[in-house]
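Pasted below: start29.cif, mmCIF, C-alpha atoms.
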data_input
loop_
_atom_site.group_PDB
_atom_site.id
_atom_site.type_symbol
_atom_site.label_atom_id
_atom_site.label_comp_id
_atom_site.auth_asym_id
_atom_site.auth_seq_id
_atom_site.Cartn_x
_atom_site.Cartn_y
_atom_site.Cartn_z
ATOM 1 C CA MET N 81 -9.240 24.293 -8.020
ATOM 2 C CA GLU N 82 -8.471 24.635 -4.322
ATOM 3 C CA SER N 83 -5.263 23.029 -3.073
ATOM 4 C CA TYR N 84 -5.430 20.599 -0.150
ATOM 5 C CA PHE N 85 -1.714 20.611 0.548
ATOM 6 C CA VAL N 86 -0.620 21.884 3.931
ATOM 7 C CA ASN N 87 2.556 23.799 4.583
ATOM 8 C CA PRO N 88 4.474 21.589 7.062
ATOM 9 C CA PHE N 89 5.575 24.652 9.029
ATOM 10 C CA THR N 90 2.071 25.866 9.856
ATOM 11 C CA THR N 91 -0.726 24.401 11.925
ATOM 12 C CA GLN N 92 -3.497 25.154 9.456
ATOM 13 C CA GLU N 93 -5.955 22.350 8.841
ATOM 14 C CA LYS N 94 -6.884 20.954 5.467
ATOM 15 C CA GLN N 95 -10.407 21.984 4.612
ATOM 16 C CA TYR N 96 -12.344 18.956 3.441
ATOM 17 C CA GLN N 97 -15.411 19.450 1.346
ATOM 18 C CA PRO N 98 -17.792 16.518 1.230
ATOM 19 C CA THR N 99 -18.261 15.146 -2.273
ATOM 20 C CA ARG N 100 -21.379 13.224 -1.379
ATOM 21 C CA THR N 101 -24.241 13.764 1.012
ATOM 22 C CA ILE N 102 -24.785 11.441 3.947
ATOM 23 C CA GLU N 103 -28.244 10.876 5.393
ATOM 24 C CA LEU N 104 -27.505 10.686 9.119
ATOM 25 C CA ASP N 105 -30.905 9.151 9.896
ATOM 26 C CA SER N 106 -30.110 6.153 7.717
ATOM 27 C CA LEU N 107 -26.519 5.803 8.930
ATOM 28 C CA ASN N 108 -25.835 2.329 10.321
ATOM 29 C CA ILE N 109 -23.620 2.348 13.425
ATOM 30 C CA ARG N 110 -22.540 -1.039 14.760
ATOM 31 C CA CYS N 111 -19.629 -3.066 16.091
ATOM 32 C CA ALA N 112 -17.086 -3.998 13.456
ATOM 33 C CA GLN N 113 -16.668 -7.587 12.336
ATOM 34 C CA GLU N 114 -13.709 -9.285 10.721
ATOM 35 C CA SER N 115 -15.433 -9.024 7.329
ATOM 36 C CA ASP N 116 -15.240 -5.193 7.690
ATOM 37 C CA LEU N 117 -11.469 -5.119 8.143
ATOM 38 C CA SER N 118 -10.450 -4.296 4.584
ATOM 39 C CA ARG N 119 -12.574 -1.159 4.204
ATOM 40 C CA LEU N 120 -12.048 -0.180 7.840
ATOM 41 C CA THR N 121 -8.288 -0.273 7.208
ATOM 42 C CA ASP N 122 -8.736 1.935 4.141
ATOM 43 C CA VAL N 123 -10.644 4.540 6.169
ATOM 44 C CA LEU N 124 -7.928 4.585 8.848
ATOM 45 C CA LEU N 125 -5.108 4.928 6.313
ATOM 46 C CA GLU N 126 -6.962 7.634 4.399
ATOM 47 C CA SER N 127 -7.309 9.631 7.621
ATOM 48 C CA PHE N 128 -4.004 9.063 9.381
ATOM 49 C CA HIS N 129 -1.537 8.232 6.574
ATOM 50 C CA PRO N 130 -2.882 9.756 3.350
ATOM 51 C CA ASN N 131 0.486 10.113 1.641
ATOM 52 C CA SER N 132 2.252 6.869 2.512
ATOM 53 C CA GLY N 133 3.556 6.354 -1.062
ATOM 54 C CA TRP N 134 5.575 3.220 -1.757
ATOM 55 C CA PHE N 135 5.278 2.293 1.936
ATOM 56 C CA HIS N 136 1.458 2.024 1.642
ATOM 57 C CA PRO N 137 1.125 -1.779 1.140
ATOM 58 C CA LEU N 138 3.316 -2.548 4.147
ATOM 59 C CA LEU N 139 1.606 0.074 6.286
ATOM 60 C CA ARG N 140 -1.803 -1.224 5.204
ATOM 61 C CA LEU N 141 -0.868 -4.759 6.217
ATOM 62 C CA GLY N 142 0.326 -3.531 9.623
ATOM 63 C CA VAL N 143 -2.847 -1.543 10.322
ATOM 64 C CA TYR N 144 -5.034 -4.429 9.094
ATOM 65 C CA GLU N 145 -3.315 -6.964 11.370
ATOM 66 C CA ASP N 146 -3.293 -4.559 14.317
ATOM 67 C CA VAL N 147 -7.052 -3.943 14.169
ATOM 68 C CA LYS N 148 -7.700 -7.629 13.452
ATOM 69 C CA SER N 149 -5.800 -8.647 16.603
ATOM 70 C CA ARG N 150 -7.857 -6.244 18.735
ATOM 71 C CA LEU N 151 -11.117 -7.468 17.190
ATOM 72 C CA ASN N 152 -10.201 -11.096 17.835
ATOM 73 C CA CYS N 153 -9.005 -10.465 21.383
ATOM 74 C CA GLN N 154 -12.617 -10.271 22.631
ATOM 75 C CA LEU N 155 -11.928 -8.065 25.616
ATOM 76 C CA SER N 156 -14.888 -7.202 27.834
ATOM 77 C CA TYR N 157 -14.204 -3.504 27.516
ATOM 78 C CA TYR N 158 -13.318 -3.015 23.863
ATOM 79 C CA ASN N 159 -15.394 -1.940 20.899
ATOM 80 C CA CYS N 160 -14.423 -1.098 17.348
ATOM 81 C CA ILE N 161 -17.426 0.700 15.933
ATOM 82 C CA ILE N 162 -18.127 1.503 12.314
ATOM 83 C CA ALA N 163 -20.495 3.856 10.551
ATOM 84 C CA SER N 164 -21.770 2.634 7.218
ATOM 85 C CA ASP N 165 -23.861 4.190 4.504
ATOM 86 C CA PRO N 166 -26.568 1.670 3.617
ATOM 87 C CA SER N 167 -26.929 2.659 -0.025
ATOM 88 C CA PRO N 168 -24.556 1.676 -1.427
ATOM 89 C CA TYR N 169 -23.200 -0.241 1.556
ATOM 90 C CA GLU N 170 -19.875 1.276 2.443
ATOM 91 C CA ILE N 171 -17.952 1.853 5.658
ATOM 92 C CA ILE N 172 -17.395 5.592 5.967
ATOM 93 C CA GLY N 173 -16.198 5.970 9.556
ATOM 94 C CA THR N 174 -14.731 4.150 12.527
ATOM 95 C CA ILE N 175 -13.847 4.679 16.171
ATOM 96 C CA GLU N 176 -12.371 2.484 18.900
ATOM 97 C CA LEU N 177 -13.290 2.461 22.570
ATOM 98 C CA THR N 178 -11.487 0.620 25.341
ATOM 99 C CA LEU N 179 -10.313 0.938 28.920
ATOM 100 C CA ARG N 180 -6.752 2.084 29.349
ATOM 101 C CA PRO N 181 -4.601 3.841 31.921
ATOM 102 C CA VAL N 182 -5.021 7.562 31.437
ATOM 103 C CA SER N 183 -2.288 10.012 32.391
ATOM 104 C CA LEU N 184 -1.051 9.916 35.957
ATOM 105 C CA LEU N 185 -4.452 8.934 37.307
ATOM 106 C CA GLY N 186 -3.283 5.327 37.504
ATOM 107 C CA LYS N 187 -6.594 3.608 36.842
ATOM 108 C CA CYS N 188 -8.076 2.309 33.606
ATOM 109 C CA LEU N 189 -10.738 4.599 32.195
ATOM 110 C CA PRO N 190 -12.826 4.664 28.999
ATOM 111 C CA TYR N 191 -10.653 5.929 26.185
ATOM 112 C CA ILE N 192 -11.460 6.765 22.562
ATOM 113 C CA SER N 193 -8.939 6.274 19.761
ATOM 114 C CA ASN N 194 -8.747 6.028 15.986
ATOM 115 C CA LEU N 195 -11.727 8.202 15.124
ATOM 116 C CA ALA N 196 -11.649 8.397 11.333
ATOM 117 C CA VAL N 197 -14.141 9.419 8.642
ATOM 118 C CA SER N 198 -13.668 9.102 4.882
ATOM 119 C CA ASN N 199 -12.564 12.364 3.290
ATOM 120 C CA ASP N 200 -15.631 12.598 1.057
ATOM 121 C CA CYS N 201 -18.003 12.223 4.037
ATOM 122 C CA ARG N 202 -16.465 14.646 6.529
ATOM 123 C CA ARG N 203 -18.216 17.626 8.103
ATOM 124 C CA GLN N 204 -21.626 15.981 7.926
ATOM 125 C CA GLY N 205 -22.014 14.636 11.474
ATOM 126 C CA VAL N 206 -20.606 11.122 11.073
ATOM 127 C CA ALA N 207 -17.894 11.638 13.720
ATOM 128 C CA TYR N 208 -20.454 13.256 16.023
ATOM 129 C CA LYS N 209 -22.691 10.167 15.743
ATOM 130 C CA LEU N 210 -19.750 7.835 16.432
ATOM 131 C CA LEU N 211 -18.854 9.826 19.556
ATOM 132 C CA GLU N 212 -22.465 9.695 20.762
ATOM 133 C CA HIS N 213 -22.482 5.923 20.327
ATOM 134 C CA CYS N 214 -19.277 5.599 22.385
ATOM 135 C CA GLU N 215 -20.753 7.726 25.157
ATOM 136 C CA LYS N 216 -23.785 5.421 25.360
ATOM 137 C CA ILE N 217 -21.515 2.376 25.630
ATOM 138 C CA VAL N 218 -19.431 4.020 28.366
ATOM 139 C CA LYS N 219 -22.599 4.669 30.391
ATOM 140 C CA LEU N 220 -23.601 1.011 29.950
ATOM 141 C CA TRP N 221 -20.163 0.030 31.252
ATOM 142 C CA GLY N 222 -20.944 2.043 34.397
ATOM 143 C CA PHE N 223 -18.503 4.924 33.890
ATOM 144 C CA ARG N 224 -19.290 8.622 33.975
ATOM 145 C CA GLU N 225 -16.332 10.039 32.074
ATOM 146 C CA ILE N 226 -14.575 9.462 28.785
ATOM 147 C CA TRP N 227 -11.078 10.417 27.593
ATOM 148 C CA LEU N 228 -9.153 10.899 24.354
ATOM 149 C CA HIS N 229 -6.037 12.501 22.903
ATOM 150 C CA VAL N 230 -5.914 14.926 20.008
ATOM 151 C CA LEU N 231 -2.902 16.584 18.401
ATOM 152 C CA GLU N 232 -2.630 20.298 19.077
ATOM 153 C CA ASP N 233 -2.489 21.079 15.340
ATOM 154 C CA ASN N 234 -5.670 19.138 14.541
ATOM 155 C CA LEU N 235 -7.952 22.132 14.878
ATOM 156 C CA ALA N 236 -10.951 20.556 13.166
ATOM 157 C CA ALA N 237 -10.947 17.617 15.593
ATOM 158 C CA GLN N 238 -10.480 19.935 18.568
ATOM 159 C CA HIS N 239 -13.465 21.984 17.426
ATOM 160 C CA LEU N 240 -15.594 18.829 17.165
ATOM 161 C CA TYR N 241 -14.564 17.583 20.619
ATOM 162 C CA HIS N 242 -15.117 20.935 22.307
ATOM 163 C CA LYS N 243 -18.488 21.262 20.599
ATOM 164 C CA LYS N 244 -19.336 17.794 21.946
ATOM 165 C CA GLY N 245 -18.438 18.848 25.514
ATOM 166 C CA TYR N 246 -14.843 17.653 25.905
ATOM 167 C CA SER N 247 -12.396 19.905 27.725
ATOM 168 C CA THR N 248 -8.609 19.931 27.920
ATOM 169 C CA PHE N 249 -7.363 18.119 30.999
ATOM 170 C CA LYS N 250 -3.630 18.149 30.281
ATOM 171 C CA ILE N 251 -1.119 18.955 27.555
ATOM 172 C CA ASP N 252 1.365 16.120 27.054
ATOM 173 C CA THR N 253 4.837 17.249 26.076
ATOM 174 C CA ASP N 254 7.623 14.811 25.306
ATOM 175 C CA LEU N 255 11.009 14.880 23.624
ATOM 176 C CA THR N 256 9.587 14.445 20.106
ATOM 177 C CA HIS N 257 7.905 17.809 20.500
ATOM 178 C CA PHE N 258 11.183 19.550 21.302
ATOM 179 C CA ILE N 259 13.567 17.590 19.073
ATOM 180 C CA PHE N 260 11.455 16.993 15.951
ATOM 181 C CA ARG N 261 8.953 19.839 16.423
ATOM 182 C CA LYS N 262 6.088 17.361 16.485
ATOM 183 C CA PRO N 263 2.756 18.688 17.751
ATOM 184 C CA ARG N 264 1.910 18.010 21.383
ATOM 185 C CA LYS N 265 -0.955 15.777 22.404
ATOM 186 C CA LEU N 266 -3.870 17.259 24.306
ATOM 187 C CA LEU N 267 -5.615 14.943 26.760
ATOM 188 C CA LEU N 268 -9.330 15.707 26.701
ATOM 189 C CA GLN N 269 -12.026 14.579 29.117
ATOM 190 C CA LYS N 270 -15.795 14.645 29.140
ATOM 191 C CA LYS N 271 -18.034 14.041 32.137
ATOM 192 C CA LEU N 272 -21.120 12.062 31.156
#
Let me see whether you can do it: turn the structure in this file into C-alpha coordinates.
Amino acid sequence: MESYFVNPFTTQEKQYQPTRTIELDSLNIRCAQESDLSRLTDVLLESFHPNSGWFHPLLRLGVYEDVKSRLNCQLSYYNCIIASDPSPYEIIGTIELTLRPVSLLGKCLPYISNLAVSNDCRRQGVAYKLLEHCEKIVKLWGFREIWLHVLEDNLAAQHLYHKKGYSTFKIDTDLTHFIFRKPRKLLLQKKL
(Lines of atoms letter the chains of each structure in order from A and count residues from 1; the text may use other names and numbers.)
(Lines give C-alpha, C1' and ligand atoms only; values in the text may rest on other atoms or scores of the structure.)
Protein backbone atom coordinates (compact mmCIF):
# COMPACT_ATOMS: atom_id res chain seq x y z
CA MET A 1 0.00 0.00 0.00
CA GLU A 2 1.28 3.46 -0.89
CA SER A 3 2.15 5.77 1.99
CA TYR A 4 0.57 9.24 2.12
CA PHE A 5 2.94 10.61 4.73
CA VAL A 6 5.09 13.54 3.70
CA ASN A 7 8.61 14.15 4.90
CA PRO A 8 8.41 17.54 6.68
CA PHE A 9 11.76 18.57 5.20
CA THR A 10 10.71 18.25 1.57
CA THR A 11 8.17 20.08 -0.54
CA GLN A 12 6.72 17.01 -2.20
CA GLU A 13 2.94 16.87 -2.39
CA LYS A 14 0.79 14.02 -1.17
CA GLN A 15 -0.66 12.20 -4.13
CA TYR A 16 -4.37 11.72 -3.60
CA GLN A 17 -6.15 9.02 -5.49
CA PRO A 18 -9.91 9.39 -5.73
CA THR A 19 -11.78 6.51 -4.12
CA ARG A 20 -15.04 7.35 -5.82
CA THR A 21 -16.00 8.82 -9.16
CA ILE A 22 -17.71 12.18 -9.38
CA GLU A 23 -20.04 13.01 -12.25
CA LEU A 24 -19.19 16.67 -12.90
CA ASP A 25 -22.34 17.21 -14.98
CA SER A 26 -24.52 16.34 -12.00
CA LEU A 27 -22.44 18.28 -9.48
CA ASN A 28 -24.54 20.84 -7.60
CA ILE A 29 -22.73 24.14 -7.00
CA ARG A 30 -24.53 26.69 -4.84
CA CYS A 31 -24.15 29.16 -1.99
CA ALA A 32 -23.73 27.54 1.39
CA GLN A 33 -26.44 27.76 4.02
CA GLU A 34 -26.21 27.41 7.77
CA SER A 35 -27.55 23.85 7.50
CA ASP A 36 -24.39 22.97 5.49
CA LEU A 37 -21.98 24.11 8.19
CA SER A 38 -21.24 20.75 9.80
CA ARG A 39 -20.13 18.96 6.63
CA LEU A 40 -18.51 22.10 5.23
CA THR A 41 -16.40 22.29 8.40
CA ASP A 42 -15.39 18.65 7.97
CA VAL A 43 -14.21 19.29 4.40
CA LEU A 44 -12.14 22.29 5.52
CA LEU A 45 -10.53 20.39 8.40
CA GLU A 46 -9.82 17.37 6.22
CA SER A 47 -8.00 19.63 3.75
CA PHE A 48 -6.18 22.10 5.98
CA HIS A 49 -5.75 20.26 9.31
CA PRO A 50 -5.85 16.52 8.60
CA ASN A 51 -3.78 15.49 11.61
CA SER A 52 -5.11 17.71 14.39
CA GLY A 53 -5.25 14.83 16.93
CA TRP A 54 -6.58 15.61 20.39
CA PHE A 55 -6.94 19.27 19.35
CA HIS A 56 -9.51 18.33 16.65
CA PRO A 57 -12.76 19.04 18.59
CA LEU A 58 -11.59 22.51 19.63
CA LEU A 59 -10.27 23.29 16.16
CA ARG A 60 -13.50 22.04 14.61
CA LEU A 61 -15.55 24.31 16.85
CA GLY A 62 -13.37 27.29 15.91
CA VAL A 63 -13.64 26.66 12.17
CA TYR A 64 -17.40 26.04 12.45
CA GLU A 65 -18.01 29.31 14.31
CA ASP A 66 -15.68 31.25 12.01
CA VAL A 67 -17.50 30.17 8.84
CA LYS A 68 -20.88 30.58 10.55
CA SER A 69 -20.06 34.20 11.45
CA ARG A 70 -19.11 34.98 7.83
CA LEU A 71 -22.27 33.31 6.52
CA ASN A 72 -24.46 35.27 8.92
CA CYS A 73 -22.72 38.58 8.25
CA GLN A 74 -24.58 38.95 4.93
CA LEU A 75 -22.00 41.13 3.23
CA SER A 76 -22.79 42.31 -0.29
CA TYR A 77 -19.53 40.94 -1.61
CA TYR A 78 -19.15 37.58 0.10
CA ASN A 79 -20.00 34.08 -1.02
CA CYS A 80 -19.27 30.71 0.53
CA ILE A 81 -19.89 28.22 -2.24
CA ILE A 82 -20.22 24.48 -1.93
CA ALA A 83 -20.08 21.61 -4.38
CA SER A 84 -22.29 18.68 -3.53
CA ASP A 85 -22.74 15.25 -5.01
CA PRO A 86 -26.48 14.71 -5.45
CA SER A 87 -26.46 10.95 -4.96
CA PRO A 88 -26.00 10.45 -2.12
CA TYR A 89 -26.24 14.10 -1.11
CA GLU A 90 -22.91 15.09 0.33
CA ILE A 91 -20.82 18.25 0.37
CA ILE A 92 -17.51 17.42 -1.29
CA GLY A 93 -15.97 20.85 -1.84
CA THR A 94 -16.06 24.48 -0.79
CA ILE A 95 -14.58 27.85 -1.68
CA GLU A 96 -15.00 31.38 -0.34
CA LEU A 97 -15.04 34.60 -2.33
CA THR A 98 -14.98 38.12 -0.94
CA LEU A 99 -13.49 41.56 -1.47
CA ARG A 100 -10.38 42.28 0.51
CA PRO A 101 -7.32 44.51 0.33
CA VAL A 102 -4.74 42.77 -1.80
CA SER A 103 -1.03 43.39 -1.33
CA LEU A 104 0.17 46.96 -1.58
CA LEU A 105 -2.46 47.85 -4.16
CA GLY A 106 -4.54 49.45 -1.41
CA LYS A 107 -7.99 48.74 -2.82
CA CYS A 108 -10.38 45.88 -2.13
CA LEU A 109 -10.41 43.30 -4.90
CA PRO A 110 -12.09 39.91 -5.41
CA TYR A 111 -10.20 37.33 -3.41
CA ILE A 112 -10.57 33.55 -3.20
CA SER A 113 -9.83 31.62 -0.01
CA ASN A 114 -10.46 28.25 1.60
CA LEU A 115 -10.69 26.15 -1.54
CA ALA A 116 -11.05 22.60 -0.25
CA VAL A 117 -12.16 19.29 -1.76
CA SER A 118 -12.67 16.01 0.10
CA ASN A 119 -9.68 13.69 -0.22
CA ASP A 120 -11.69 10.94 -1.92
CA CYS A 121 -12.98 13.35 -4.60
CA ARG A 122 -9.79 15.17 -5.58
CA ARG A 123 -8.29 15.30 -9.07
CA GLN A 124 -11.67 15.00 -10.76
CA GLY A 125 -12.43 18.64 -11.60
CA VAL A 126 -14.39 19.70 -8.50
CA ALA A 127 -11.95 22.51 -7.62
CA TYR A 128 -11.90 23.60 -11.27
CA LYS A 129 -15.71 23.91 -11.25
CA LEU A 130 -15.65 25.89 -7.99
CA LEU A 131 -13.09 28.31 -9.46
CA GLU A 132 -15.21 28.75 -12.60
CA HIS A 133 -18.23 29.57 -10.46
CA CYS A 134 -16.24 32.22 -8.54
CA GLU A 135 -15.07 33.79 -11.79
CA LYS A 136 -18.68 34.13 -12.97
CA ILE A 137 -19.64 35.83 -9.70
CA VAL A 138 -16.69 38.23 -9.93
CA LYS A 139 -17.81 39.26 -13.43
CA LEU A 140 -21.34 39.85 -12.11
CA TRP A 141 -19.83 42.06 -9.40
CA GLY A 142 -18.27 44.15 -12.18
CA PHE A 143 -14.61 43.22 -11.65
CA ARG A 144 -12.19 41.94 -14.25
CA GLU A 145 -9.56 40.30 -12.05
CA ILE A 146 -9.43 37.80 -9.23
CA TRP A 147 -6.74 37.08 -6.62
CA LEU A 148 -5.67 34.31 -4.25
CA HIS A 149 -2.75 33.06 -2.19
CA VAL A 150 -1.20 29.62 -2.36
CA LEU A 151 1.69 28.19 -0.35
CA GLU A 152 4.86 27.65 -2.35
CA ASP A 153 5.00 23.97 -1.34
CA ASN A 154 1.44 23.24 -2.48
CA LEU A 155 2.45 22.12 -5.94
CA ALA A 156 -0.85 20.46 -6.81
CA ALA A 157 -2.79 23.66 -6.11
CA GLN A 158 -0.26 25.75 -8.03
CA HIS A 159 -0.63 23.43 -11.01
CA LEU A 160 -4.43 23.80 -10.89
CA TYR A 161 -4.27 27.60 -10.65
CA HIS A 162 -1.74 27.96 -13.45
CA LYS A 163 -3.78 25.60 -15.62
CA LYS A 164 -6.81 27.81 -14.91
CA GLY A 165 -4.91 30.94 -16.03
CA TYR A 166 -3.61 32.41 -12.77
CA SER A 167 -0.10 33.84 -12.72
CA THR A 168 2.24 34.76 -9.89
CA PHE A 169 2.03 38.45 -9.05
CA LYS A 170 4.21 38.51 -5.94
CA ILE A 171 5.96 36.23 -3.47
CA ASP A 172 5.18 37.18 0.13
CA THR A 173 8.02 36.60 2.55
CA ASP A 174 7.69 37.24 6.26
CA LEU A 175 9.55 36.33 9.43
CA THR A 176 7.83 32.94 9.80
CA HIS A 177 9.50 31.87 6.58
CA PHE A 178 12.97 32.69 7.90
CA ILE A 179 12.55 31.75 11.56
CA PHE A 180 10.35 28.64 11.36
CA ARG A 181 11.13 27.65 7.75
CA LYS A 182 7.46 27.95 6.84
CA PRO A 183 6.66 28.02 3.12
CA ARG A 184 6.16 31.43 1.54
CA LYS A 185 2.82 32.54 0.16
CA LEU A 186 2.49 33.23 -3.54
CA LEU A 187 -0.01 35.91 -4.52
CA LEU A 188 -1.68 34.87 -7.77
CA GLN A 189 -3.84 36.94 -10.10
CA LYS A 190 -6.07 36.19 -13.05
CA LYS A 191 -7.46 38.72 -15.51
CA LEU A 192 -11.02 37.84 -16.49
Subject >> Which of N:Ile171, N:Ile251, N:Cys188, N:Leu179 sits closest to Asp200 (chain N) [using only C-alpha atoms] >> reply: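 Looking only at the distances to Asp200 (chain N), the closest residue turns out to be N:Ile171.
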**OP:** Find the residue from N:Ile172, N:Asp116, N:Val218, N:Asn159 that sits nearest to Gln204 (chain N); use only C-alpha atoms when measuring.
**Re:**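 Using only C-alpha atoms, the shortest distance to Gln204 (chain N) belongs to N:Ile172.
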**OP:** Mind checking which residues fall within 9 Å of Ile109 (chain N), counting all atoms listed in the file, ignoring those fewer than 2 positions away in the same chain, and posting them as a VMD selection string?
**Re:** chain N and resid 107 111 161 to 164 209 to 210 213
Can I get the selected residues back with C-alpha atoms, as a tab-separated table (two decimals), keeping the file's coordinate frame?
chain	number	residue	atom	x	y	z
N	107	LEU	CA	-26.52	5.80	8.93
N	111	CYS	CA	-19.63	-3.07	16.09
N	161	ILE	CA	-17.43	0.70	15.93
N	162	ILE	CA	-18.13	1.50	12.31
N	163	ALA	CA	-20.50	3.86	10.55
N	164	SER	CA	-21.77	2.63	7.22
N	209	LYS	CA	-22.69	10.17	15.74
N	210	LEU	CA	-19.75	7.84	16.43
N	213	HIS	CA	-22.48	5.92	20.33
Subject >> For Ser193 (chain N): contacts at 8 Å, all atoms listed in the file, fewer than 3 positions along chain excluded, given as number ranges by chain >> reply: N: 175-177, 228-229
Take the selection from the previous step and output its residues with C-alpha atoms, as a PDB file, in the frame of the given file.
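Output file out.pdb is given in full below:
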ATOM      1  CA  ILE N 175     -13.847   4.679  16.171  1.00  0.00           C
ATOM      2  CA  GLU N 176     -12.371   2.484  18.900  1.00  0.00           C
ATOM      3  CA  LEU N 177     -13.290   2.461  22.570  1.00  0.00           C
ATOM      4  CA  LEU N 228      -9.153  10.899  24.354  1.00  0.00           C
ATOM      5  CA  HIS N 229      -6.037  12.501  22.903  1.00  0.00           C
TER       6      HIS N 229
END
Original post:
Which one is closest to Leu120 (chain N): N:Gly205, N:Pro168, N:Gly173, N:Pro190? Count only C-alpha atoms.
Top reply: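 Going through N:Gly205, N:Pro168, N:Gly173, N:Pro190 one by one, the smallest distance to Leu120 (chain N) is for N:Gly173.
Between CA of Lys250 (chain N) and CA of Leu267 (chain N) lies a distance of 5.2 Å.
With CA of Gln113 (chain N) on one side and CA of Gln154 (chain N) on the other, the separation reads 11.4 Å.
Applied to the file shown here, the PyMOL selection byres ((chain N and resi 245) around 12) selects Tyr208, Leu211, Glu212, Glu215, Glu225, Ile226, Trp227, Gln238, His239, Leu240, Tyr241, His242, Lys243, Lys244, Tyr246, Ser247, Thr248, Leu268, Gln269, Lys270, Lys271 and Leu272 of chain N.
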Store the residues of this selection in a file with C-alpha atoms, as a CSV table (one decimal), keeping the file's coordinate frame.
chain,number,residue,atom,x,y,z
N,208,TYR,CA,-20.5,13.3,16.0
N,211,LEU,CA,-18.9,9.8,19.6
N,212,GLU,CA,-22.5,9.7,20.8
N,215,GLU,CA,-20.8,7.7,25.2
N,225,GLU,CA,-16.3,10.0,32.1
N,226,ILE,CA,-14.6,9.5,28.8
N,227,TRP,CA,-11.1,10.4,27.6
N,238,GLN,CA,-10.5,19.9,18.6
N,239,HIS,CA,-13.5,22.0,17.4
N,240,LEU,CA,-15.6,18.8,17.2
N,241,TYR,CA,-14.6,17.6,20.6
N,242,HIS,CA,-15.1,20.9,22.3
N,243,LYS,CA,-18.5,21.3,20.6
N,244,LYS,CA,-19.3,17.8,21.9
N,246,TYR,CA,-14.8,17.7,25.9
N,247,SER,CA,-12.4,19.9,27.7
N,248,THR,CA,-8.6,19.9,27.9
N,268,LEU,CA,-9.3,15.7,26.7
N,269,GLN,CA,-12.0,14.6,29.1
N,270,LYS,CA,-15.8,14.6,29.1
N,271,LYS,CA,-18.0,14.0,32.1
N,272,LEU,CA,-21.1,12.1,31.2
Original post:
In Å to one decimal, how far is CA of Phe135 (chain N) from CA of Asp122 (chain N)?
Top reply: 14.2 Å
